[in-house]
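See below for the structure under consideration.
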Amino acid sequence: MSHMKNNGFSTETQLTQLGRDPSKQMGFVNGPVYRGSTVVYPTLDDLDHRRSTFTYGTAGTPTIRDLETAWTALTGGAGTVLSPSGLGSVALALLTTLKAGDHLLMPDSVYSPSRTFCDQFLKKMNVETTYYDPMIGENIRSLIKENTTVLFLESPGSQTFEVQDIPALTQIAKAHNITTIIDNTWATPLFFDAHKHGCDLSLEAGTKYLGGHSDLLLGMISANEKWWKPLRATYDLFAMLPGAEDCFLALRGLRTLHIRLKEAEQRALDIAQWLQTQPEVAKVLHPALPDCPGHEIWKRDFTGSSGLFSIILKPEIERTKLANMLDHMQLFSMGFSWGGFESLITPFDCRSYRTATVWNPNGIALRLQIGLEGVEDLKADLRAGFDRLHQ
Ligand SMILES: *Cc1c(COP(=O)(O)O)cnc(C)c1O
């Protein structure tokens, strides 16, 4: 049961089955948490030939393997490696695919710590990064150089939600022998099938929806046939693995991933549409709504939308009033990360670090993560917050 792959069951059903096998767990529904460094061998001959499923803790444990195999089945990749954080996965994917002297293309809307990794670490390793307009589409051709080896994608973009034309971009990349990596954290494999749309490596922060409860940090990278072995080899060199408890929690999160995402989708859409009618709101940046750059692409390529989106307030609302709104929210908290059961609202301003595009929202920008509180309670909290902008 634990290694089934594309067996014809729906994704919902697979989520209840993947990565566990009661017949090997003394009948218990869930697998145990394996913790461990040393693996012992019964005979010298076994030791000499490293004859065991796992040779040492850094080579993995049954708990890690269960999550890897589940994620591989879900993404349709050839294999998966885990990381202790989403950012760790970004770093590992880039370190697998790049070498000194290479040129990397990064979307201007990329998760900003990924950007810092390029600007501070890859630069030191003599890898040059060029940032591109996430809406560039086929014009990406003009930025390809002789030494361009990796095209990084993130769709929708962090904070500003530009939806990229992934099929067009991956097709051009392939024609130029360029490897594509996507940060698929927002959609997860449930709402966007990255490998089917041509991406070589697909990563995501399991910290967000797979964990789902703001109580763990985790990253996953799945790779296609071409990249699976190099990815695993790089992973083995670093031996940066998540802890067993975090993998166990992620496997637990897997069981409810579908219903949590569906709930997030419906609630976020309800609140986003309500926000469109509020007088303080100038724009709602939600991939499933027409104001979002790339909305048509989202309709074409995605099978759902998750619970994270942004709004832009009307230009006349002064920044000095913002604390009065945000400091007194009853349900929405301020904080980074997302994908948990609790709602968040956080202001952002990408003007200072974008280099390929001009971000000029002409109003205060806020990112919202919609949790599992009652939708009417959340609207009331927002409405009262907007009222405080006028006091
Ligand atoms: C949060 C996030 C990450 C990083 O995940 P961590 O587990 O917090 O390191 C990477 N990409 C995106 C799009 C994210 O939102």
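Within each chain, counting starts at residue 1; across the structure tokens, chains are named A, B, ... in the order shown, with ligands numbered 1 upward in that order.
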
Can you build me a table of range 330-350 of chain A residues sitting at most 9 Å from range 195-217 of chain A, with the closest atom pair per residue and its distance in Å to one decimal, using only C-alpha atoms, sorted by chain and residue number, as a tab-separated table?
```
residue	atom	partner	partner_atom	distance
A:Ser337	CA	A:Lys208	CA	7.0
A:Trp338	CA	A:Lys208	CA	5.6
A:Gly339	CA	A:Lys208	CA	4.2
A:Gly340	CA	A:His213	CA	4.4
A:Phe341	CA	A:His213	CA	5.7
A:Glu342	CA	A:His213	CA	8.1
```

Take the residues that were just selected and, keeping N, CA, C and O atoms, output them as a PDB file, in the first residue's frame.
```pdb
ATOM      1  N   SER A 337       5.046  33.760   7.437  1.00  0.00           N
ATOM      2  CA  SER A 337       4.582  32.404   7.145  1.00  0.00           C
ATOM      3  C   SER A 337       3.058  32.392   6.974  1.00  0.00           C
ATOM      4  O   SER A 337       2.405  33.439   7.072  1.00  0.00           O
ATOM      5  N   TRP A 338       2.506  31.235   6.672  1.00  0.00           N
ATOM      6  CA  TRP A 338       1.077  31.107   6.365  1.00  0.00           C
ATOM      7  C   TRP A 338       0.751  29.628   6.171  1.00  0.00           C
ATOM      8  O   TRP A 338       1.623  28.785   6.333  1.00  0.00           O
ATOM      9  N   GLY A 339      -0.497  29.328   5.843  1.00  0.00           N
ATOM     10  CA  GLY A 339      -0.897  27.940   5.613  1.00  0.00           C
ATOM     11  C   GLY A 339      -1.384  27.235   6.859  1.00  0.00           C
ATOM     12  O   GLY A 339      -1.734  26.064   6.817  1.00  0.00           O
ATOM     13  N   GLY A 340      -1.416  27.928   7.996  1.00  0.00           N
ATOM     14  CA  GLY A 340      -1.909  27.338   9.241  1.00  0.00           C
ATOM     15  C   GLY A 340      -3.420  27.488   9.354  1.00  0.00           C
ATOM     16  O   GLY A 340      -4.104  27.887   8.416  1.00  0.00           O
ATOM     17  N   PHE A 341      -3.949  27.190  10.549  1.00  0.00           N
ATOM     18  CA  PHE A 341      -5.398  27.260  10.773  1.00  0.00           C
ATOM     19  C   PHE A 341      -5.833  28.651  11.184  1.00  0.00           C
ATOM     20  O   PHE A 341      -7.015  28.936  11.313  1.00  0.00           O
ATOM     21  N   GLU A 342      -4.862  29.560  11.395  1.00  0.00           N
ATOM     22  CA  GLU A 342      -5.171  30.874  11.952  1.00  0.00           C
ATOM     23  C   GLU A 342      -4.978  31.957  10.880  1.00  0.00           C
ATOM     24  O   GLU A 342      -4.092  31.868  10.050  1.00  0.00           O
TER      25      GLU A 342
END
```

Residues within 10 Å of ligand 1, counting only C-alpha atoms and all ligand atoms: report them as a PyMOL selection string.
-> chain A and resi 83-90+109-114+154-159+182-187+203-208+211+216-220+308+336-339

Would you mind listing what lies within 8 Å of range 226-243 of chain A as an MDAnalysis selection string, with only C-alpha atoms counted and same-chain residues fewer than 2 positions away left out?
-> chainID A and resid 58:59 78:85 92:93 95:96 200:201 218 222:224 245:247

Would you kindly return, as an mmCIF file with C-alpha atoms, in the first residue's frame, each protein, DNA or RNA residue with an atom no farther than 7 Å from any atom of range 97-101 of chain A, considering only C-alpha atoms and excluding same-chain residues fewer than 4 positions away?
```cif
data_model
loop_
_atom_site.group_PDB
_atom_site.id
_atom_site.type_symbol
_atom_site.label_atom_id
_atom_site.label_comp_id
_atom_site.auth_asym_id
_atom_site.auth_seq_id
_atom_site.Cartn_x
_atom_site.Cartn_y
_atom_site.Cartn_z
ATOM 1 C CA ALA A 93 17.566 22.772 -5.700
ATOM 2 C CA MET A 125 30.096 31.074 -5.787
ATOM 3 C CA ASN A 126 30.414 32.974 -9.074
ATOM 4 C CA VAL A 127 26.867 32.360 -10.245
#
```

At a cut-off of 8 Å, can you tabulate as CSV every residue of range 14-99 of chain A near range 249-268 of chain A together with its closest atom pair and the distance in Å to one decimal, using only C-alpha atoms and ordering rows by chain then number?
```
residue,atom,partner,partner_atom,distance
A:Leu15,CA,A:Arg255,CA,5.3
A:Thr16,CA,A:Arg255,CA,5.0
A:Gly19,CA,A:Leu251,CA,7.4
A:Asp66,CA,A:Leu251,CA,8.0
A:Leu67,CA,A:Leu251,CA,6.2
```

Writer output for current selection, C-alpha atoms, as an mmCIF file, in the first residue's frame:
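again-v3.cif was written with the following content:
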```
data_model
loop_
_atom_site.group_PDB
_atom_site.id
_atom_site.type_symbol
_atom_site.label_atom_id
_atom_site.label_comp_id
_atom_site.auth_asym_id
_atom_site.auth_seq_id
_atom_site.Cartn_x
_atom_site.Cartn_y
_atom_site.Cartn_z
ATOM 1 C CA LEU A 15 -3.911 11.245 0.498
ATOM 2 C CA THR A 16 -5.486 8.818 2.962
ATOM 3 C CA GLY A 19 3.154 6.633 3.011
ATOM 4 C CA ASP A 66 7.280 7.234 3.957
ATOM 5 C CA LEU A 67 7.006 10.982 3.423
#
```

Do you know which residues are at most 12 Å from Asp381 in chain A counting only C-alpha atoms, after dropping those on the same chain fewer than 4 positions away, and could you put them as a CSV table (one decimal) with all heavy atoms, in the first residue's frame?
```
chain,number,residue,atom,x,y,z
A,271,ILE,N,-14.0,35.8,1.2
A,271,ILE,CA,-13.5,37.1,1.8
A,271,ILE,C,-12.9,38.0,0.7
A,271,ILE,O,-13.1,39.2,0.8
A,271,ILE,CB,-12.5,36.8,2.9
A,271,ILE,CG1,-13.3,36.1,4.1
A,271,ILE,CG2,-11.8,38.0,3.4
A,271,ILE,CD1,-12.5,35.7,5.3
A,325,MET,N,-5.4,50.3,12.8
A,325,MET,CA,-6.2,49.1,12.3
A,325,MET,C,-5.6,47.8,12.8
A,325,MET,O,-6.2,47.0,13.4
A,325,MET,CB,-6.1,49.1,10.8
A,325,MET,CG,-6.7,47.9,10.2
A,325,MET,SD,-6.7,47.8,8.3
A,325,MET,CE,-7.3,46.2,8.0
A,326,LEU,N,-4.3,47.6,12.6
A,326,LEU,CA,-3.7,46.3,12.8
A,326,LEU,C,-3.4,45.9,14.2
A,326,LEU,O,-3.5,44.8,14.6
A,326,LEU,CB,-2.4,46.2,12.0
A,326,LEU,CG,-2.6,46.3,10.4
A,326,LEU,CD1,-1.2,46.1,9.7
A,326,LEU,CD2,-3.6,45.2,9.9
A,327,ASP,N,-3.1,46.9,15.1
A,327,ASP,CA,-2.8,46.6,16.5
A,327,ASP,C,-4.0,46.1,17.3
A,327,ASP,O,-3.8,45.5,18.3
A,327,ASP,CB,-2.2,47.9,17.2
A,327,ASP,CG,-0.8,48.3,16.7
A,327,ASP,OD1,-0.3,47.5,15.8
A,327,ASP,OD2,-0.3,49.3,17.2
A,328,HIS,N,-5.2,46.4,16.7
A,328,HIS,CA,-6.3,46.0,17.5
A,328,HIS,C,-7.2,45.0,16.9
A,328,HIS,O,-8.4,44.8,17.2
A,328,HIS,CB,-7.2,47.3,17.8
A,328,HIS,CG,-6.3,48.4,18.4
A,328,HIS,ND1,-5.9,48.4,19.7
A,328,HIS,CD2,-5.8,49.5,17.8
A,328,HIS,CE1,-5.1,49.4,19.9
A,328,HIS,NE2,-5.1,50.2,18.8
A,329,MET,N,-6.7,44.2,15.9
A,329,MET,CA,-7.5,43.2,15.3
A,329,MET,C,-7.7,42.1,16.4
A,329,MET,O,-6.8,41.8,17.2
A,329,MET,CB,-6.7,42.5,14.1
A,329,MET,CG,-6.3,43.5,13.0
A,329,MET,SD,-7.7,44.2,12.1
A,329,MET,CE,-8.3,42.9,11.1
A,330,GLN,N,-8.9,41.5,16.3
A,330,GLN,CA,-9.2,40.5,17.3
A,330,GLN,C,-8.8,39.1,16.8
A,330,GLN,O,-8.5,38.2,17.6
A,330,GLN,CB,-10.7,40.5,17.6
A,330,GLN,CG,-11.1,41.6,18.5
A,330,GLN,CD,-12.5,41.4,19.1
A,330,GLN,OE1,-13.5,41.4,18.3
A,330,GLN,NE2,-12.6,41.2,20.4
A,331,LEU,N,-9.0,38.8,15.5
A,331,LEU,CA,-8.7,37.5,15.0
A,331,LEU,C,-7.5,37.4,14.1
A,331,LEU,O,-6.7,36.5,14.2
A,331,LEU,CB,-10.0,37.0,14.2
A,331,LEU,CG,-11.2,36.8,15.1
A,331,LEU,CD1,-12.4,36.5,14.2
A,331,LEU,CD2,-11.0,35.8,16.2
A,332,PHE,N,-7.3,38.4,13.2
A,332,PHE,CA,-6.2,38.4,12.4
A,332,PHE,C,-4.9,38.8,13.2
A,332,PHE,O,-4.9,39.8,13.8
A,332,PHE,CB,-6.4,39.4,11.2
A,332,PHE,CG,-7.2,38.9,10.1
A,332,PHE,CD1,-8.6,39.1,10.2
A,332,PHE,CD2,-6.7,38.3,9.0
A,332,PHE,CE1,-9.4,38.6,9.1
A,332,PHE,CE2,-7.5,37.8,8.0
A,332,PHE,CZ,-8.9,38.0,8.0
A,333,SER,N,-3.9,38.0,13.1
A,333,SER,CA,-2.6,38.3,13.7
A,333,SER,C,-1.6,38.8,12.7
A,333,SER,O,-1.8,38.5,11.5
A,333,SER,CB,-2.0,37.1,14.4
A,333,SER,OG,-2.9,36.6,15.3
A,343,SER,N,-5.8,33.0,10.9
A,343,SER,CA,-5.7,34.0,10.0
A,343,SER,C,-4.6,35.0,10.3
A,343,SER,O,-4.4,35.3,11.5
A,343,SER,CB,-7.1,34.8,9.9
A,343,SER,OG,-8.0,33.9,9.3
A,344,LEU,N,-4.0,35.6,9.2
A,344,LEU,CA,-2.9,36.5,9.4
A,344,LEU,C,-3.2,37.7,8.4
A,344,LEU,O,-3.7,37.5,7.4
A,344,LEU,CB,-1.6,35.9,9.0
A,344,LEU,CG,-1.2,34.7,9.9
A,344,LEU,CD1,0.1,34.0,9.2
A,344,LEU,CD2,-0.8,35.1,11.3
A,345,ILE,N,-2.7,38.9,8.9
A,345,ILE,CA,-2.7,40.0,8.0
A,345,ILE,C,-1.4,40.8,8.2
A,345,ILE,O,-1.0,41.0,9.3
A,345,ILE,CB,-3.9,40.9,8.2
A,345,ILE,CG1,-4.0,42.1,7.2
A,345,ILE,CG2,-3.9,41.5,9.7
A,345,ILE,CD1,-5.4,42.8,7.2
A,373,GLU,N,-11.2,30.2,11.0
A,373,GLU,CA,-12.2,30.9,11.9
A,373,GLU,C,-13.5,31.1,11.0
A,373,GLU,O,-13.5,30.9,9.8
A,373,GLU,CB,-11.7,32.2,12.3
A,373,GLU,CG,-10.3,32.2,13.1
A,373,GLU,CD,-9.1,32.3,12.1
A,373,GLU,OE1,-9.3,32.2,10.9
A,373,GLU,OE2,-8.0,32.6,12.7
A,374,GLY,N,-14.6,31.4,11.7
A,374,GLY,CA,-15.8,31.6,11.0
A,374,GLY,C,-15.6,32.8,10.0
A,374,GLY,O,-15.1,33.8,10.4
A,375,VAL,N,-16.1,32.6,8.8
A,375,VAL,CA,-15.9,33.7,7.8
A,375,VAL,C,-16.6,35.0,8.2
A,375,VAL,O,-16.0,36.1,8.0
A,375,VAL,CB,-16.5,33.2,6.4
A,375,VAL,CG1,-16.5,34.3,5.4
A,375,VAL,CG2,-15.6,32.0,5.9
A,376,GLU,N,-17.8,34.9,8.8
A,376,GLU,CA,-18.4,36.2,9.2
A,376,GLU,C,-17.7,36.9,10.3
A,376,GLU,O,-17.6,38.1,10.3
A,376,GLU,CB,-19.9,35.9,9.6
A,376,GLU,CG,-20.8,35.4,8.4
A,376,GLU,CD,-20.6,36.2,7.1
A,376,GLU,OE1,-20.6,37.4,7.2
A,376,GLU,OE2,-20.4,35.6,6.0
A,377,ASP,N,-17.1,36.1,11.2
A,377,ASP,CA,-16.2,36.7,12.3
A,377,ASP,C,-15.0,37.4,11.6
A,377,ASP,O,-14.7,38.5,12.1
A,377,ASP,CB,-15.7,35.6,13.2
A,377,ASP,CG,-16.9,34.9,14.0
A,377,ASP,OD1,-17.9,35.6,14.2
A,377,ASP,OD2,-16.7,33.8,14.4
A,385,GLY,N,-11.6,46.9,11.6
A,385,GLY,CA,-10.2,47.4,11.3
A,385,GLY,C,-10.2,48.5,10.3
A,385,GLY,O,-9.6,49.5,10.5
A,386,PHE,N,-11.0,48.3,9.2
A,386,PHE,CA,-11.1,49.4,8.2
A,386,PHE,C,-11.7,50.7,8.9
A,386,PHE,O,-11.3,51.8,8.6
A,386,PHE,CB,-12.0,49.0,7.1
A,386,PHE,CG,-11.3,47.9,6.2
A,386,PHE,CD1,-12.1,46.9,5.6
A,386,PHE,CD2,-10.0,47.9,5.9
A,386,PHE,CE1,-11.6,46.0,4.8
A,386,PHE,CE2,-9.4,47.0,5.1
A,386,PHE,CZ,-10.2,46.0,4.6
A,387,ASP,N,-12.7,50.5,9.8
A,387,ASP,CA,-13.3,51.7,10.4
A,387,ASP,C,-12.2,52.4,11.3
A,387,ASP,O,-12.2,53.6,11.3
A,387,ASP,CB,-14.4,51.2,11.4
A,387,ASP,CG,-15.6,50.7,10.6
A,387,ASP,OD1,-15.8,51.1,9.4
A,387,ASP,OD2,-16.5,50.0,11.2
A,388,ARG,N,-11.3,51.7,11.8
A,388,ARG,CA,-10.2,52.3,12.6
A,388,ARG,C,-9.3,53.1,11.8
A,388,ARG,O,-8.6,54.0,12.3
A,388,ARG,CB,-9.5,51.3,13.5
A,388,ARG,CG,-10.3,50.7,14.7
A,388,ARG,CD,-9.4,49.9,15.6
A,388,ARG,NE,-8.8,48.8,15.0
A,388,ARG,CZ,-9.4,47.5,14.9
A,388,ARG,NH1,-10.6,47.4,15.4
A,388,ARG,NH2,-8.7,46.6,14.3
```

For Lys314 in chain A, find every residue with an atom within 8 Å (counting only C-alpha atoms), except residues of its own chain fewer than 4 positions away, and show them as a compact mmCIF listing (two decimals) with all heavy atoms, in the first residue's frame.
```
# COMPACT_ATOMS: atom_id res chain seq x y z
N GLU A 280 -12.69 50.94 1.35
CA GLU A 280 -11.27 51.22 1.62
C GLU A 280 -10.35 50.47 0.66
O GLU A 280 -9.15 50.75 0.60
CB GLU A 280 -10.91 50.82 3.05
CG GLU A 280 -11.52 51.69 4.14
CD GLU A 280 -12.97 51.32 4.43
OE1 GLU A 280 -13.47 50.31 3.86
OE2 GLU A 280 -13.61 52.05 5.21
N VAL A 281 -10.89 49.46 -0.04
CA VAL A 281 -10.04 48.57 -0.83
C VAL A 281 -10.02 49.00 -2.30
O VAL A 281 -11.06 49.11 -2.94
CB VAL A 281 -10.54 47.10 -0.72
CG1 VAL A 281 -9.71 46.17 -1.59
CG2 VAL A 281 -10.50 46.65 0.74
N ALA A 282 -8.82 49.24 -2.83
CA ALA A 282 -8.70 49.65 -4.23
C ALA A 282 -8.60 48.43 -5.14
O ALA A 282 -9.12 48.41 -6.26
CB ALA A 282 -7.46 50.52 -4.42
N ASN A 362 0.48 52.32 -5.27
CA ASN A 362 -0.29 53.53 -5.04
C ASN A 362 -1.28 53.35 -3.90
O ASN A 362 -2.45 53.71 -4.02
CB ASN A 362 -1.00 53.95 -6.35
CG ASN A 362 -1.45 55.40 -6.29
OD1 ASN A 362 -0.87 56.20 -5.54
ND2 ASN A 362 -2.48 55.73 -7.05
N GLY A 363 -0.81 52.75 -2.83
CA GLY A 363 -1.64 52.53 -1.63
C GLY A 363 -0.99 51.48 -0.77
O GLY A 363 -0.10 50.76 -1.22
N ILE A 364 -1.47 51.38 0.46
CA ILE A 364 -0.91 50.39 1.41
C ILE A 364 -1.24 48.98 0.92
O ILE A 364 -2.37 48.70 0.51
CB ILE A 364 -1.52 50.62 2.81
CG1 ILE A 364 -1.08 51.98 3.36
CG2 ILE A 364 -1.16 49.49 3.77
CD1 ILE A 364 -1.89 52.45 4.55
```

Picked from range 305-385 of chain A by DSSP as helix (DSSP H, G or I), as JSON, numbers by chain = {"A": [319, 320, 321, 322, 323, 324, 325, 326, 375, 376, 377, 378, 379, 380, 381, 382, 383, 384, 385]}

Hey, what's within 8 Å of Glu138 in chain A if we count only C-alpha atoms and toss same-chain stuff fewer than 2 positions away? As a list in words, please?
->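 Close residues of Glu138 in chain A: Ile136, Ile140, Arg141, Ala168, Leu169 and Ile172 of chain A.
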
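Taking only C-alpha atoms into account, Asp301 in chain A lies nearest to A:Ala194 out of the set A:Ala194, A:Leu275, A:Leu269, A:Leu104.
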
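If you measure from each of A:Gln14, A:Thr129, A:Thr63, A:Ser305 to Asn30 in chain A using only C-alpha atoms, the closest one turns out to be A:Thr63.
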
Interatomic distance (Å, one decimal) between CA of Leu389 in chain A and CA of Pro279 in chain A =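 That distance, rounded to one decimal, is 11.6 Å.
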
Which is closest to Leu143 in chain A among A:Thr61, A:Thr43, A:Gln164, A:Thr130, if we use only C-alpha atoms?
->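 When distances to Leu143 in chain A are compared using only C-alpha atoms, the smallest one comes from A:Thr130.
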
Looking at A:Pro62, A:Ala356, A:Thr303, A:Thr179, which one is nearest to Asp193 in chain A, with distances taken over only C-alpha atoms?
->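 Comparing A:Pro62, A:Ala356, A:Thr303, A:Thr179 against Asp193 in chain A, the winner is A:Thr303.
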
State, in Å with one decimal place, the distance from CA of Ile297 in chain A to CA of Gln276 in chain A.
->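 It comes out at 21.0 Å.
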
Give me every strand (DSSP E) residue in range 279-380 of chain A, going by DSSP on the backbone, as a short mmCIF file (atom, residue, chain, number, x, y, z; two decimals) with N, CA, C and O atoms, in the first residue's frame.
```
data_model
loop_
_atom_site.label_atom_id
_atom_site.label_comp_id
_atom_site.auth_asym_id
_atom_site.auth_seq_id
_atom_site.Cartn_x
_atom_site.Cartn_y
_atom_site.Cartn_z
N VAL A 281 -10.89 49.46 -0.04
CA VAL A 281 -10.04 48.57 -0.83
C VAL A 281 -10.02 49.00 -2.30
O VAL A 281 -11.06 49.11 -2.94
N ALA A 282 -8.82 49.24 -2.83
CA ALA A 282 -8.70 49.65 -4.23
C ALA A 282 -8.60 48.43 -5.14
O ALA A 282 -9.12 48.41 -6.26
N LYS A 283 -7.92 47.37 -4.67
CA LYS A 283 -7.61 46.24 -5.53
C LYS A 283 -7.45 44.98 -4.71
O LYS A 283 -6.89 45.02 -3.60
N VAL A 284 -7.92 43.86 -5.25
CA VAL A 284 -7.69 42.57 -4.61
C VAL A 284 -6.81 41.75 -5.54
O VAL A 284 -7.17 41.50 -6.70
N LEU A 285 -5.64 41.35 -5.04
CA LEU A 285 -4.71 40.56 -5.86
C LEU A 285 -4.86 39.09 -5.47
O LEU A 285 -4.19 38.60 -4.56
N LEU A 308 -4.23 32.38 0.42
CA LEU A 308 -3.33 33.51 0.59
C LEU A 308 -3.49 34.48 -0.57
O LEU A 308 -3.41 34.07 -1.73
N PHE A 309 -3.70 35.75 -0.27
CA PHE A 309 -3.82 36.76 -1.33
C PHE A 309 -3.53 38.14 -0.72
O PHE A 309 -3.35 38.25 0.49
N SER A 310 -3.49 39.15 -1.56
CA SER A 310 -3.17 40.50 -1.07
C SER A 310 -4.25 41.51 -1.47
O SER A 310 -5.01 41.27 -2.42
N ILE A 311 -4.26 42.61 -0.77
CA ILE A 311 -5.13 43.73 -1.15
C ILE A 311 -4.30 45.02 -1.15
O ILE A 311 -3.29 45.12 -0.46
N ILE A 312 -4.77 45.97 -1.96
CA ILE A 312 -4.18 47.32 -1.96
C ILE A 312 -5.28 48.28 -1.49
O ILE A 312 -6.40 48.24 -2.02
N LEU A 313 -4.92 49.08 -0.51
CA LEU A 313 -5.91 50.05 0.00
C LEU A 313 -5.92 51.31 -0.88
O LEU A 313 -4.96 51.58 -1.61
N LEU A 344 -4.03 35.56 9.22
CA LEU A 344 -2.94 36.52 9.38
C LEU A 344 -3.16 37.70 8.44
O LEU A 344 -3.73 37.54 7.35
N ILE A 345 -2.68 38.86 8.86
CA ILE A 345 -2.69 40.03 7.97
C ILE A 345 -1.37 40.76 8.19
O ILE A 345 -0.99 41.02 9.33
N THR A 346 -0.64 40.99 7.10
CA THR A 346 0.71 41.56 7.23
C THR A 346 0.96 42.56 6.11
O THR A 346 0.77 42.23 4.94
N PRO A 347 1.36 43.79 6.45
CA PRO A 347 1.68 44.75 5.40
C PRO A 347 2.99 44.37 4.70
O PRO A 347 3.85 43.73 5.31
N PHE A 348 3.11 44.74 3.44
CA PHE A 348 4.37 44.50 2.73
C PHE A 348 4.64 45.65 1.77
O PHE A 348 3.74 46.38 1.39
N ALA A 365 -0.23 48.10 0.95
CA ALA A 365 -0.45 46.71 0.52
C ALA A 365 -0.45 45.80 1.74
O ALA A 365 0.40 45.91 2.62
N LEU A 366 -1.44 44.91 1.78
CA LEU A 366 -1.58 43.97 2.91
C LEU A 366 -1.73 42.56 2.36
O LEU A 366 -2.49 42.34 1.40
N ARG A 367 -1.03 41.60 2.97
CA ARG A 367 -1.23 40.21 2.58
C ARG A 367 -2.07 39.50 3.64
O ARG A 367 -1.83 39.64 4.83
N LEU A 368 -3.06 38.75 3.16
CA LEU A 368 -3.96 38.04 4.07
C LEU A 368 -3.83 36.54 3.90
O LEU A 368 -3.78 36.04 2.76
N GLN A 369 -3.76 35.84 5.02
CA GLN A 369 -3.86 34.38 5.02
C GLN A 369 -5.16 34.07 5.74
O GLN A 369 -5.38 34.48 6.88
#
```
